[in-house]
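Engineer: Next up, target.cif (mmCIF, C-alpha atoms).
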```
data_data
loop_
_atom_site.label_atom_id
_atom_site.label_comp_id
_atom_site.auth_asym_id
_atom_site.auth_seq_id
_atom_site.Cartn_x
_atom_site.Cartn_y
_atom_site.Cartn_z
CA MET A 1 42.29 57.85 -40.03
CA LYS A 2 42.74 60.89 -37.81
CA LYS A 3 45.92 62.74 -38.66
CA GLY A 4 48.19 63.68 -35.77
CA THR A 5 49.11 67.32 -35.30
CA PHE A 6 49.83 70.05 -32.77
CA LYS A 7 48.02 73.25 -31.97
CA ARG A 8 48.70 76.50 -33.86
CA GLY A 9 51.41 76.80 -36.53
CA VAL A 10 51.24 78.17 -40.08
CA HIS A 11 50.81 77.01 -43.68
CA PRO A 12 53.54 78.67 -45.79
CA TYR A 13 53.87 78.08 -49.52
CA GLU A 14 55.45 74.64 -49.82
CA GLY A 15 57.55 75.04 -52.98
CA LYS A 16 58.28 71.31 -53.06
CA GLU A 17 57.06 70.86 -56.61
CA PHE A 18 60.40 72.16 -57.93
CA SER A 19 62.42 69.13 -56.80
CA LYS A 20 60.21 66.44 -55.24
CA ASP A 21 60.19 64.30 -58.39
CA CYS A 22 63.94 64.59 -58.97
CA ALA A 23 65.68 61.32 -58.12
CA ILE A 24 68.85 61.54 -56.05
CA ARG A 25 72.06 61.60 -58.06
CA SER A 26 75.61 61.51 -56.73
CA ILE A 27 78.31 64.05 -57.50
CA CYS A 28 82.10 63.96 -57.20
CA ALA A 29 84.12 65.66 -54.50
CA SER A 30 86.00 68.94 -54.86
CA ASP A 31 89.72 69.01 -55.57
CA VAL A 32 90.16 70.56 -52.13
CA MET A 33 87.94 69.31 -49.31
CA VAL A 34 87.37 71.29 -46.11
CA TYR A 35 86.29 69.69 -42.82
CA PRO A 36 85.27 72.03 -39.98
CA LEU A 37 85.94 70.63 -36.52
CA THR A 38 82.54 71.88 -35.36
CA GLN A 39 79.79 70.21 -37.36
CA HIS A 40 77.62 69.37 -34.38
CA ILE A 41 76.30 70.61 -31.07
CA GLY A 42 78.92 70.30 -28.34
CA ALA A 43 82.70 70.40 -28.10
CA PRO A 44 84.72 70.70 -31.34
CA ALA A 45 86.39 67.57 -32.65
CA LYS A 46 90.16 67.25 -32.15
CA PRO A 47 92.43 66.64 -35.18
CA VAL A 48 94.29 63.32 -35.25
CA VAL A 49 96.12 64.15 -38.49
CA SER A 50 98.74 66.75 -39.37
CA ALA A 51 99.75 68.68 -42.46
CA GLY A 52 101.47 66.33 -44.92
CA ASP A 53 99.69 63.18 -43.77
CA ARG A 54 98.05 60.99 -46.39
CA VAL A 55 94.51 59.96 -45.55
CA LEU A 56 92.06 57.43 -46.97
CA LYS A 57 88.35 57.63 -47.71
CA GLY A 58 86.50 56.78 -44.51
CA GLN A 59 89.51 57.50 -42.29
CA LEU A 60 89.11 59.25 -38.93
CA ILE A 61 90.68 62.70 -39.19
CA ALA A 62 89.32 64.25 -35.98
CA GLU A 63 88.15 62.50 -32.81
CA ALA A 64 85.32 63.55 -30.51
CA GLY A 65 86.43 66.39 -28.25
CA GLY A 66 84.27 65.42 -25.28
CA PHE A 67 81.19 63.48 -24.23
CA VAL A 68 78.92 65.73 -26.30
CA SER A 69 80.93 65.80 -29.51
CA ALA A 70 81.37 63.79 -32.71
CA PRO A 71 84.33 62.58 -34.77
CA VAL A 72 84.97 63.62 -38.37
CA HIS A 73 86.00 61.34 -41.26
CA SER A 74 87.39 62.05 -44.70
CA ALA A 75 85.20 61.48 -47.76
CA VAL A 76 88.26 61.27 -50.04
CA SER A 77 91.78 59.97 -50.14
CA GLY A 78 94.52 62.53 -50.40
CA THR A 79 96.96 64.67 -48.45
CA VAL A 80 96.28 66.95 -45.50
CA LYS A 81 97.21 70.39 -46.78
CA SER A 82 96.71 72.32 -43.57
CA ILE A 83 94.65 72.83 -40.44
CA GLU A 84 93.50 76.43 -40.57
CA ASP A 85 90.66 78.85 -40.11
CA ARG A 86 88.17 78.87 -42.98
CA LEU A 87 84.90 80.69 -43.67
CA LEU A 88 81.81 78.73 -42.63
CA VAL A 89 78.13 78.97 -43.58
CA GLY A 90 77.20 81.24 -40.67
CA GLY A 91 79.67 83.91 -41.83
CA ASN A 92 82.16 83.17 -39.07
CA LYS A 93 85.48 81.39 -39.35
CA GLY A 94 86.34 78.07 -37.74
CA LYS A 95 89.24 75.66 -37.53
CA CYS A 96 89.16 73.20 -40.45
CA ILE A 97 91.17 70.28 -41.79
CA VAL A 98 91.95 70.95 -45.45
CA ILE A 99 92.62 67.91 -47.67
CA GLU A 100 93.88 67.84 -51.26
CA ASN A 101 91.83 65.19 -53.05
CA ASP A 102 93.96 62.76 -55.08
CA ASN A 103 90.80 61.45 -56.82
CA ALA A 104 91.90 57.87 -56.17
CA TYR A 105 89.22 57.33 -53.47
CA GLU A 106 91.31 54.65 -51.80
CA THR A 107 89.39 53.45 -48.75
CA THR A 108 90.23 52.14 -45.30
CA ALA A 109 90.47 48.36 -45.00
CA ASP A 110 86.96 47.68 -43.65
CA PHE A 111 85.11 50.48 -45.43
CA GLY A 112 81.88 49.13 -46.95
CA LYS A 113 82.21 45.70 -45.36
CA SER A 114 78.79 44.07 -44.87
CA ARG A 115 77.76 43.12 -41.34
CA GLU A 116 74.74 41.49 -39.68
CA LEU A 117 72.63 43.17 -36.99
CA SER A 118 72.55 39.90 -35.06
CA ASP A 119 76.30 40.23 -34.47
CA PHE A 120 75.82 43.26 -32.22
CA THR A 121 74.35 44.08 -28.83
CA GLY A 122 72.55 47.37 -28.19
CA SER A 123 75.67 48.86 -26.59
CA ASP A 124 77.73 47.75 -29.61
CA ILE A 125 75.35 49.66 -31.87
CA VAL A 126 75.62 52.84 -29.78
CA ASP A 127 79.41 52.54 -29.97
CA ILE A 128 79.34 52.07 -33.77
CA ILE A 129 77.05 55.09 -34.21
CA SER A 130 79.25 57.25 -31.97
CA LYS A 131 82.47 56.25 -33.71
CA SER A 132 80.87 56.80 -37.14
CA GLY A 133 80.32 60.49 -36.40
CA ILE A 134 76.55 60.42 -36.90
CA VAL A 135 74.67 63.51 -35.72
CA GLY A 136 71.09 64.66 -36.07
CA LEU A 137 70.65 65.28 -39.79
CA GLY A 138 67.34 67.10 -39.40
CA GLY A 139 69.29 70.29 -38.73
CA ALA A 140 70.11 70.27 -35.01
CA GLY A 141 73.34 68.29 -35.28
CA PHE A 142 73.16 66.72 -31.81
CA PRO A 143 75.53 63.71 -31.61
CA THR A 144 73.34 60.65 -32.17
CA GLY A 145 75.41 58.36 -29.96
CA VAL A 146 74.79 60.70 -27.02
CA LYS A 147 71.06 60.89 -27.81
CA LEU A 148 70.90 57.10 -27.80
CA SER A 149 72.54 56.93 -24.36
CA PRO A 150 69.84 58.37 -22.06
CA LYS A 151 70.02 57.98 -18.29
CA ASN A 152 66.81 55.93 -18.33
CA PRO A 153 67.07 53.57 -21.34
CA GLN A 154 64.67 51.10 -19.73
CA ASN A 155 61.94 53.79 -19.74
CA ILE A 156 62.14 54.54 -23.47
CA ASP A 157 58.94 53.21 -24.98
CA THR A 158 58.63 55.25 -28.19
CA LEU A 159 61.14 55.84 -30.98
CA ILE A 160 59.75 58.59 -33.21
CA ILE A 161 61.14 58.77 -36.74
CA ASN A 162 60.75 62.26 -38.18
CA GLY A 163 59.71 61.98 -41.82
CA CYS A 164 57.85 65.29 -41.86
CA GLU A 165 60.33 67.54 -43.70
CA CYS A 166 57.97 70.43 -42.96
CA GLU A 167 60.34 73.19 -44.14
CA PRO A 168 59.20 74.63 -47.48
CA TYR A 169 61.18 73.72 -50.62
CA LEU A 170 63.22 70.88 -49.05
CA THR A 171 62.74 67.41 -50.55
CA SER A 172 65.96 65.53 -49.72
CA ASP A 173 64.38 63.52 -46.88
CA TYR A 174 61.36 62.75 -49.04
CA ARG A 175 63.56 61.38 -51.82
CA LEU A 176 65.52 59.30 -49.29
CA MET A 177 62.23 57.85 -48.00
CA ILE A 178 61.11 56.99 -51.53
CA GLU A 179 64.44 55.59 -52.74
CA LYS A 180 65.95 54.10 -49.57
CA SER A 181 62.94 52.87 -47.61
CA ASP A 182 64.36 49.38 -47.01
CA GLU A 183 67.61 50.79 -45.66
CA ILE A 184 65.79 53.25 -43.40
CA VAL A 185 63.71 50.43 -41.92
CA LEU A 186 66.89 48.44 -41.25
CA GLY A 187 68.36 51.50 -39.53
CA ILE A 188 65.25 51.76 -37.35
CA LEU A 189 65.57 48.09 -36.39
CA ALA A 190 69.16 48.71 -35.33
CA VAL A 191 68.09 51.56 -33.04
CA LEU A 192 65.23 49.48 -31.61
CA LYS A 193 67.80 46.90 -30.53
CA ILE A 194 69.18 49.56 -28.16
CA PHE A 195 65.75 49.98 -26.53
CA PRO A 196 64.07 46.56 -26.20
CA ALA A 197 60.94 48.07 -24.58
CA ALA A 198 60.36 50.58 -27.37
CA LYS A 199 58.23 50.63 -30.45
CA ALA A 200 58.91 52.90 -33.42
CA VAL A 201 56.47 55.28 -35.07
CA ILE A 202 57.36 56.84 -38.42
CA GLY A 203 55.63 60.24 -38.62
CA ILE A 204 55.10 61.55 -42.16
CA GLU A 205 53.11 64.60 -43.25
CA ASN A 206 50.15 63.84 -45.50
CA ASN A 207 51.57 65.88 -48.39
CA LYS A 208 53.75 62.76 -48.87
CA ASN A 209 51.02 60.15 -49.18
CA ASP A 210 53.16 57.99 -51.45
CA ALA A 211 55.84 57.82 -48.73
CA ILE A 212 53.18 56.98 -46.13
CA LYS A 213 51.87 54.13 -48.28
CA LEU A 214 55.38 52.86 -49.07
CA PHE A 215 56.40 52.67 -45.41
CA GLU A 216 53.11 51.05 -44.46
CA GLU A 217 53.95 48.32 -46.97
CA LYS A 218 57.57 48.03 -45.85
CA THR A 219 56.65 47.74 -42.16
CA ALA A 220 53.55 45.56 -42.49
CA SER A 221 55.41 42.56 -41.08
CA GLN A 222 57.20 44.54 -38.37
CA GLU A 223 55.35 44.31 -35.04
CA LYS A 224 57.42 47.09 -33.50
CA ILE A 225 57.23 49.65 -36.31
CA SER A 226 54.14 51.59 -37.38
CA VAL A 227 53.43 54.63 -39.56
CA LYS A 228 51.43 57.68 -38.48
CA ALA A 229 50.08 60.18 -41.00
CA LEU A 230 50.48 63.74 -39.75
CA LYS A 231 48.72 66.88 -40.85
CA THR A 232 50.74 69.06 -43.19
CA LYS A 233 51.49 72.11 -41.10
CA TYR A 234 54.62 74.00 -40.11
CA PRO A 235 56.51 73.24 -37.80
CA GLN A 236 55.12 69.70 -37.65
CA GLY A 237 58.69 68.35 -37.68
CA GLY A 238 59.74 70.36 -34.62
CA GLU A 239 60.78 67.94 -31.88
CA ARG A 240 58.23 69.11 -29.30
CA GLN A 241 55.44 69.37 -31.86
CA LEU A 242 56.22 65.94 -33.28
CA ILE A 243 56.25 64.27 -29.87
CA TYR A 244 52.88 65.82 -29.06
CA ALA A 245 51.39 64.89 -32.44
CA VAL A 246 52.48 61.26 -32.11
CA THR A 247 52.09 60.59 -28.38
CA GLY A 248 50.16 63.51 -26.84
CA ARG A 249 53.08 64.05 -24.44
CA LYS A 250 54.39 67.57 -23.75
CA ILE A 251 57.98 68.63 -23.16
CA ASN A 252 59.65 71.99 -22.60
CA SER A 253 63.14 73.48 -22.80
CA LYS A 254 64.10 72.08 -19.39
CA MET A 255 63.31 68.53 -20.46
CA LEU A 256 64.68 65.97 -22.87
CA PRO A 257 62.41 63.75 -24.97
CA ALA A 258 63.83 60.81 -22.99
CA ASP A 259 62.24 62.30 -19.86
CA LYS A 260 58.90 61.47 -21.48
CA GLY A 261 59.98 58.06 -22.74
CA CYS A 262 60.75 59.21 -26.30
CA ILE A 263 63.72 59.29 -28.65
CA VAL A 264 63.34 61.32 -31.86
CA MET A 265 65.42 60.68 -34.98
CA ASN A 266 65.33 62.00 -38.52
CA THR A 267 64.90 59.60 -41.46
CA ALA A 268 68.27 60.66 -42.88
CA SER A 269 69.89 59.85 -39.54
CA CYS A 270 68.32 56.37 -39.69
CA TYR A 271 69.81 55.90 -43.15
CA ALA A 272 73.22 56.94 -41.76
CA VAL A 273 72.76 54.38 -38.97
CA TYR A 274 72.07 51.73 -41.61
CA GLU A 275 75.31 52.55 -43.42
CA ALA A 276 77.32 52.55 -40.18
CA VAL A 277 75.93 49.34 -38.68
CA TYR A 278 75.36 47.20 -41.78
CA LYS A 279 77.96 48.63 -44.19
CA SER A 280 80.84 49.79 -41.96
CA MET A 281 80.60 53.33 -43.32
CA PRO A 282 81.07 56.48 -41.23
CA LEU A 283 79.06 59.59 -42.03
CA ILE A 284 80.90 61.06 -45.03
CA HIS A 285 78.06 62.03 -47.38
CA LYS A 286 74.52 63.34 -47.34
CA VAL A 287 71.63 64.31 -49.60
CA MET A 288 70.96 68.00 -50.24
CA THR A 289 68.18 69.81 -52.11
CA ILE A 290 69.23 72.54 -54.55
CA THR A 291 66.13 74.46 -55.51
CA GLY A 292 64.29 77.77 -55.66
CA GLU A 293 62.91 80.02 -58.38
CA ALA A 294 66.45 81.08 -59.35
CA ALA A 295 67.93 77.58 -59.56
CA ASN A 296 68.50 76.48 -63.16
CA SER A 297 67.79 72.80 -62.49
CA PRO A 298 66.27 72.05 -59.07
CA CYS A 299 67.42 68.64 -57.87
CA ASN A 300 68.45 66.40 -54.99
CA LEU A 301 72.14 65.57 -54.83
CA ASP A 302 74.10 63.04 -52.80
CA VAL A 303 77.20 65.05 -51.90
CA PRO A 304 80.41 64.22 -50.03
CA ILE A 305 80.77 66.14 -46.78
CA GLY A 306 83.59 68.67 -47.12
CA ILE A 307 82.78 69.63 -50.72
CA SER A 308 82.53 73.32 -51.60
CA GLN A 309 78.93 74.55 -51.83
CA ASN A 310 80.02 76.40 -54.97
CA ASP A 311 80.79 73.04 -56.54
CA VAL A 312 77.44 71.64 -55.38
CA LEU A 313 75.57 74.49 -57.05
CA GLU A 314 77.61 74.09 -60.24
CA ALA A 315 76.88 70.35 -60.32
CA ALA A 316 73.19 71.21 -59.99
CA GLY A 317 73.30 73.43 -63.06
CA GLY A 318 74.05 76.74 -61.38
CA ALA A 319 71.78 79.68 -60.69
CA LYS A 320 69.96 82.05 -63.02
CA ASP A 321 71.36 85.47 -63.82
CA ASP A 322 68.69 87.19 -61.73
CA VAL A 323 69.57 85.37 -58.50
CA VAL A 324 69.76 87.81 -55.58
CA LYS A 325 69.77 85.57 -52.54
CA PHE A 326 71.02 82.18 -51.38
CA ILE A 327 69.74 80.45 -48.25
CA SER A 328 71.34 77.52 -46.47
CA GLY A 329 68.56 75.39 -45.01
CA GLY A 330 64.85 76.08 -45.28
CA PRO A 331 63.33 79.55 -45.74
CA MET A 332 61.77 79.46 -42.26
CA MET A 333 64.73 78.45 -40.09
CA GLY A 334 67.68 78.63 -42.48
CA MET A 335 70.12 81.50 -42.94
CA ALA A 336 71.01 83.74 -45.85
CA ILE A 337 74.59 83.23 -47.00
CA SER A 338 76.76 85.85 -48.67
CA SER A 339 79.24 83.36 -50.14
CA LEU A 340 79.02 79.79 -51.38
CA ASP A 341 82.76 79.40 -50.91
CA VAL A 342 82.05 77.39 -47.77
CA PRO A 343 82.08 73.63 -47.13
CA VAL A 344 79.13 71.28 -46.87
CA VAL A 345 78.90 70.00 -43.30
CA LYS A 346 76.90 67.23 -41.69
CA THR A 347 73.94 69.53 -41.02
CA SER A 348 73.81 71.08 -44.52
CA SER A 349 70.40 70.36 -46.03
CA SER A 350 70.02 72.64 -49.03
CA ILE A 351 71.00 75.56 -51.17
CA LEU A 352 67.99 77.72 -52.02
CA ALA A 353 68.34 80.28 -54.81
CA PHE A 354 65.86 83.13 -55.12
CA SER A 355 65.42 85.94 -57.63
CA LYS A 356 63.56 88.04 -55.09
CA ASP A 357 64.64 88.96 -51.58
CA ASP A 358 61.37 89.08 -49.69
CA VAL A 359 63.08 90.09 -46.45
CA ALA A 360 64.95 93.04 -47.94
CA ALA A 361 61.74 94.26 -49.55
CA LEU A 362 59.85 94.33 -46.26
CA LYS A 363 58.97 97.67 -44.74
CA GLN A 364 58.78 97.33 -40.98
CA SER A 365 56.15 99.30 -39.08
CA ALA A 366 55.05 99.55 -35.46
CA CYS A 367 53.34 96.62 -33.74
CA ILE A 368 49.57 97.04 -34.00
CA HIS A 369 48.88 94.46 -31.24
CA CYS A 370 46.75 92.34 -33.56
CA GLY A 371 47.72 89.15 -31.76
CA LYS A 372 48.37 87.14 -34.92
CA CYS A 373 51.79 86.11 -33.60
CA VAL A 374 50.13 84.71 -30.48
CA GLY A 375 47.64 82.76 -32.56
CA VAL A 376 50.31 80.85 -34.50
CA CYS A 377 53.02 80.30 -31.86
CA PRO A 378 53.32 76.52 -31.31
CA GLY A 379 54.92 77.22 -27.93
CA PHE A 380 51.89 79.19 -26.66
CA LEU A 381 54.04 82.26 -26.07
CA VAL A 382 53.17 85.95 -26.45
CA PRO A 383 55.73 87.17 -29.01
CA GLN A 384 54.61 90.82 -28.97
CA MET A 385 55.38 91.08 -25.23
CA MET A 386 58.65 89.20 -25.62
CA ALA A 387 59.69 91.61 -28.39
CA LYS A 388 58.92 94.57 -26.16
CA ALA A 389 61.17 93.11 -23.45
CA VAL A 390 64.04 92.61 -25.91
CA ARG A 391 63.70 96.17 -27.22
CA SER A 392 63.96 97.41 -23.64
CA ASN A 393 66.96 95.16 -22.94
CA ASP A 394 64.88 93.65 -20.14
CA PHE A 395 66.11 90.11 -20.56
CA GLU A 396 64.92 89.07 -17.12
CA ARG A 397 61.42 89.97 -18.27
CA PHE A 398 62.01 88.15 -21.55
CA ASP A 399 62.95 85.04 -19.59
CA SER A 400 59.94 85.34 -17.28
CA LEU A 401 57.66 85.49 -20.34
CA GLY A 402 58.96 82.08 -21.42
CA GLY A 403 61.41 83.39 -23.98
CA MET A 404 63.71 80.40 -23.56
CA GLU A 405 60.83 78.16 -24.72
CA CYS A 406 60.97 79.76 -28.18
CA ILE A 407 62.05 77.16 -30.76
CA GLU A 408 62.90 79.87 -33.33
CA CYS A 409 60.56 78.32 -35.89
CA GLY A 410 59.74 81.68 -37.48
CA CYS A 411 55.93 81.36 -37.38
CA CYS A 412 55.52 84.72 -35.65
CA THR A 413 57.78 86.52 -38.12
CA TYR A 414 55.99 84.88 -41.02
CA ILE A 415 52.55 86.01 -39.89
CA CYS A 416 53.40 89.50 -38.56
CA PRO A 417 51.61 92.20 -40.64
CA ALA A 418 54.03 94.81 -39.29
CA LYS A 419 56.96 92.78 -40.69
CA ILE A 420 58.83 92.86 -37.39
CA PRO A 421 61.81 90.44 -37.30
CA LEU A 422 60.53 88.74 -34.18
CA THR A 423 62.48 85.50 -34.48
CA GLN A 424 65.79 87.33 -34.82
CA MET A 425 64.93 89.43 -31.77
CA PHE A 426 64.25 86.28 -29.77
CA LYS A 427 67.57 84.78 -30.79
CA VAL A 428 69.21 87.89 -29.32
CA GLY A 429 67.08 87.63 -26.19
CA LYS A 430 67.93 83.97 -25.64
CA ALA A 431 71.65 84.60 -26.17
CA ASN A 432 71.59 87.33 -23.53
CA VAL A 433 69.73 85.16 -21.04
CA ARG A 434 72.25 82.36 -21.56
CA ASP A 435 75.15 84.78 -21.05
CA VAL A 436 73.68 86.06 -17.78
CA LYS A 437 73.09 82.55 -16.47
CA ALA A 438 76.57 81.43 -17.52
CA LYS A 439 78.12 84.28 -15.50
CA GLY A 440 76.11 83.22 -12.47
#
```
For this file, write the structure as structure tokens.
Structural biologist:
Amino acid sequence: MKKGTFKRGVHPYEGKEFSKDCAIRSICASDVMVYPLTQHIGAPAKPVVSAGDRVLKGQLIAEAGGFVSAPVHSAVSGTVKSIEDRLLVGGNKGKCIVIENDNAYETTADFGKSRELSDFTGSDIVDIISKSGIVGLGGAGFPTGVKLSPKNPQNIDTLIINGCECEPYLTSDYRLMIEKSDEIVLGILAVLKIFPAAKAVIGIENNKNDAIKLFEEKTASQEKISVKALKTKYPQGGERQLIYAVTGRKINSKMLPADKGCIVMNTASCYAVYEAVYKSMPLIHKVMTITGEAANSPCNLDVPIGISQNDVLEAAGGAKDDVVKFISGGPMMGMAISSLDVPVVKTSSSILAFSKDDVAALKQSACIHCGKCVGVCPGFLVPQMMAKAVRSNDFERFDSLGGMECIECGCCTYICPAKIPLTQMFKVGKANVRDVKAKG
């Protein structure tokens, strides 16, 4: 069987052997839970609780702040201590609801109540997903209810389920696929009810052949769900690359997948849909990978959203004495973090611990115009010319070179023999272009 893929890309060291065989285990919440109001793309959520209020597990504590927004729910019962600015993963501060956990875990009345898919229409399911606070759990954090409300629902013919997990080291999605395959399939069926003309394709990289085989077995009787093996290559899980690999259709930054008849969802998001639709559970927990050469006991943990990342690392066995760097997310698109005294949010995927800081050890030199960055860019851009435009503060030129098409995957930075931080430069370039356009 021919394996789907895209053109260009890179093959970084996978590092998945540290944690891929570690079954998911659940951990308890922190004594103090912190819920940022911005855990998604779009407008911040608006608090519906005040200091001194008692809340229950599963209770709404912040409502969506606009059309593109998502509500927030408490993973514990306890008392609202304050609503204040707290340090977040990116190093900035943001408004957060702080809850003192009473460790009673008293739930709302309907929390966990079983329901049947046949009881709901497609619009009912969109409403449930929106009210449950589900966002894209592959890293982007786009509100799922909004994604599932395209302007042309009748034209959606392909639901693509992203089971690639192409970032090195991460194995949380893989473990979910292995351990919760039935639930993921049920989540997919719920989404398909929203789009009667669509069929679903589960795309999985072929370094997860056991997951491919498992889902082929689980979907054998499902006429509207199929599995497609994809070539193991980074960034195979990128939205544009995945759509091309599965359907051959091309999109750009000015288009939505729905414009080409596609909806793309992560496997973890499908599992969250299952819990919301079938089990009356809002998004209050997620699976994270704790791994890396400096992690004492690499593992996959089911953690309550709002828990301190310090507590997550401690529950995983801590880090070795020679740890020098922590990364939130994957090594290609994640970010280094200076403090683990920050909360887990909906888009948190991992804590990576390393005993060597490869970035700090790099010695940058002048571009030698070798063209390697061009050869790996999945967006068919010319990074060396884009970098020159950014250095010259010529952001109009950067834009004309297609700079806004950059998906910030890091392939160019990874391959550059001169060790130029190209991806970071393009983030700066894109931010400047957006600022100029916003000012008119």
Engineer: Taking the file as shown, what set of residues would the PyMOL selection byres ((chain A and resi 197) around 9) give back, as number ranges by chain?
Structural biologist: A: 153-158, 192, 195-196, 198-199
Engineer: Need to verify the contact set: Ala64 in chain A, 7 Å, only C-alpha atoms, exclusion of same-chain residues closer than 3 positions in sequence. Can you return it as JSON, numbers by chain?
Structural biologist: {"A": [45, 46, 69, 70, 71]}
Engineer: Compare A:Ser19, A:Thr107, A:Ser392, A:Ser172 by their minimum atom-to-atom distance to Ala295 in chain A, counting only C-alpha atoms, and give me the closest one.
Structural biologist: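 So, comparing all the options, the nearest one is A:Ser19.
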Engineer: Rounded to one decimal, what separation in Å do you get between CA of Ser130 in chain A and CA of Gly94 in chain A?
Structural biologist: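 If I compute the distance from CA of Ser130 in chain A to CA of Gly94 in chain A, I get 22.7 Å.
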Engineer: Where does the PyMOL selection byres ((chain A and resi 137) around 12) land in this file, that is, which residues does it pick, as a PyMOL selection string?
Structural biologist: chain A and resi 39-41+133-136+138-144+161-163+165+172-173+264-273+283+285-288+329+345-350
Engineer: Quick one, how far is CA of Gly112 in chain A from CA of Ile284 in chain A?
Structural biologist: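 Computing the Euclidean distance for CA of Gly112 in chain A and CA of Ile284 in chain A yields 12.1 Å.
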Engineer: Can you translate the PyMOL selection byres ((chain A and resi 320) around 7) into the concrete residues it hits in this file, as a list in words?
Structural biologist: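 Applying the expression gives Ala294, Ala295, Asn296, Gly318, Ala319, Asp321, Asp322 and Val323 of chain A.
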Engineer: Now that the selection is made, can you save its residues with C-alpha atoms as a JSON list (two decimals), in the frame of the given file?
Structural biologist:
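Final file, part-v9.json:
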```json
[["chain", "number", "residue", "atom", "x", "y", "z"],
["A", 294, "ALA", "CA", 66.45, 81.08, -59.35],
["A", 295, "ALA", "CA", 67.93, 77.58, -59.56],
["A", 296, "ASN", "CA", 68.50, 76.48, -63.16],
["A", 318, "GLY", "CA", 74.05, 76.74, -61.38],
["A", 319, "ALA", "CA", 71.78, 79.68, -60.69],
["A", 321, "ASP", "CA", 71.36, 85.47, -63.82],
["A", 322, "ASP", "CA", 68.69, 87.19, -61.73],
["A", 323, "VAL", "CA", 69.57, 85.37, -58.50]]
```
Engineer: Would you please work out which residue, of A:Ser132, A:Ser339, A:Thr79, A:Thr413, is nearest to Glu275 in chain A when using only C-alpha atoms?
Structural biologist: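 Counting only C-alpha atoms, the residue closest to Glu275 in chain A is A:Ser132.
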Engineer: Rounded to one decimal place, report the CA of Ala104 in chain A-CA of Ala75 in chain A distance in Å.
Structural biologist: 11.3 Å
Engineer: Give the answer as one residue: which of A:Leu88, A:Val146, A:Met385, A:Cys166 has the shortest atom-to-atom distance to Gly238 in chain A, using only C-alpha atoms?
Structural biologist: A:Cys166
Engineer: Rank nothing, just name the residue among A:Ser74, A:Gln222, A:Thr291, A:Ser149 nearest to Ile61 in chain A, using all atoms listed in the file.
Structural biologist: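 Closest residue, counting all atoms listed in the file: A:Ser74.
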Engineer: For Glu17 in chain A, which residue among A:Lys147, A:Lys208, A:Lys57, A:Lys363 is the nearest when counting all atoms listed in the file?
Structural biologist: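 The answer is A:Lys208, which sits nearest to Glu17 in chain A.
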Engineer: Could you give me, as number ranges by chain, the residues within 9 Å of Cys367 in chain A, counting only C-alpha atoms and dropping anything in the same chain fewer than 6 positions from it?
Structural biologist: A: 384, 416-420
Engineer: For range 173-181 of chain A, which lacks atoms in the input, supply N, CA, C and O atoms and format the output as an mmCIF file, keeping the file's coordinate frame.
Structural biologist:
```
data_model
loop_
_atom_site.group_PDB
_atom_site.id
_atom_site.type_symbol
_atom_site.label_atom_id
_atom_site.label_comp_id
_atom_site.auth_asym_id
_atom_site.auth_seq_id
_atom_site.Cartn_x
_atom_site.Cartn_y
_atom_site.Cartn_z
ATOM 1 N N ASP A 173 64.856 64.609 -47.724
ATOM 2 C CA ASP A 173 64.380 63.520 -46.880
ATOM 3 C C ASP A 173 63.282 62.722 -47.583
ATOM 4 O O ASP A 173 63.213 61.495 -47.469
ATOM 5 N N TYR A 174 62.417 63.428 -48.294
ATOM 6 C CA TYR A 174 61.360 62.750 -49.040
ATOM 7 C C TYR A 174 61.953 61.788 -50.068
ATOM 8 O O TYR A 174 61.525 60.629 -50.178
ATOM 9 N N ARG A 175 62.957 62.249 -50.810
ATOM 10 C CA ARG A 175 63.560 61.380 -51.820
ATOM 11 C C ARG A 175 64.259 60.177 -51.154
ATOM 12 O O ARG A 175 64.207 59.058 -51.665
ATOM 13 N N LEU A 176 64.904 60.413 -50.009
ATOM 14 C CA LEU A 176 65.520 59.300 -49.290
ATOM 15 C C LEU A 176 64.459 58.273 -48.881
ATOM 16 O O LEU A 176 64.668 57.061 -49.003
ATOM 17 N N MET A 177 63.302 58.755 -48.400
ATOM 18 C CA MET A 177 62.230 57.850 -48.000
ATOM 19 C C MET A 177 61.726 57.037 -49.181
ATOM 20 O O MET A 177 61.433 55.844 -49.051
ATOM 21 N N ILE A 178 61.619 57.678 -50.346
ATOM 22 C CA ILE A 178 61.110 56.990 -51.530
ATOM 23 C C ILE A 178 62.142 56.000 -52.084
ATOM 24 O O ILE A 178 61.810 54.884 -52.483
ATOM 25 N N GLU A 179 63.409 56.401 -52.082
ATOM 26 C CA GLU A 179 64.440 55.590 -52.740
ATOM 27 C C GLU A 179 65.185 54.635 -51.812
ATOM 28 O O GLU A 179 65.776 53.655 -52.277
ATOM 29 N N LYS A 180 65.175 54.912 -50.517
ATOM 30 C CA LYS A 180 65.950 54.100 -49.570
ATOM 31 C C LYS A 180 65.097 53.620 -48.403
ATOM 32 O O LYS A 180 65.569 53.537 -47.267
ATOM 33 N N SER A 181 63.856 53.270 -48.684
ATOM 34 C CA SER A 181 62.940 52.870 -47.610
ATOM 35 C C SER A 181 63.420 51.602 -46.896
ATOM 36 O O SER A 181 63.340 51.509 -45.661
#
```
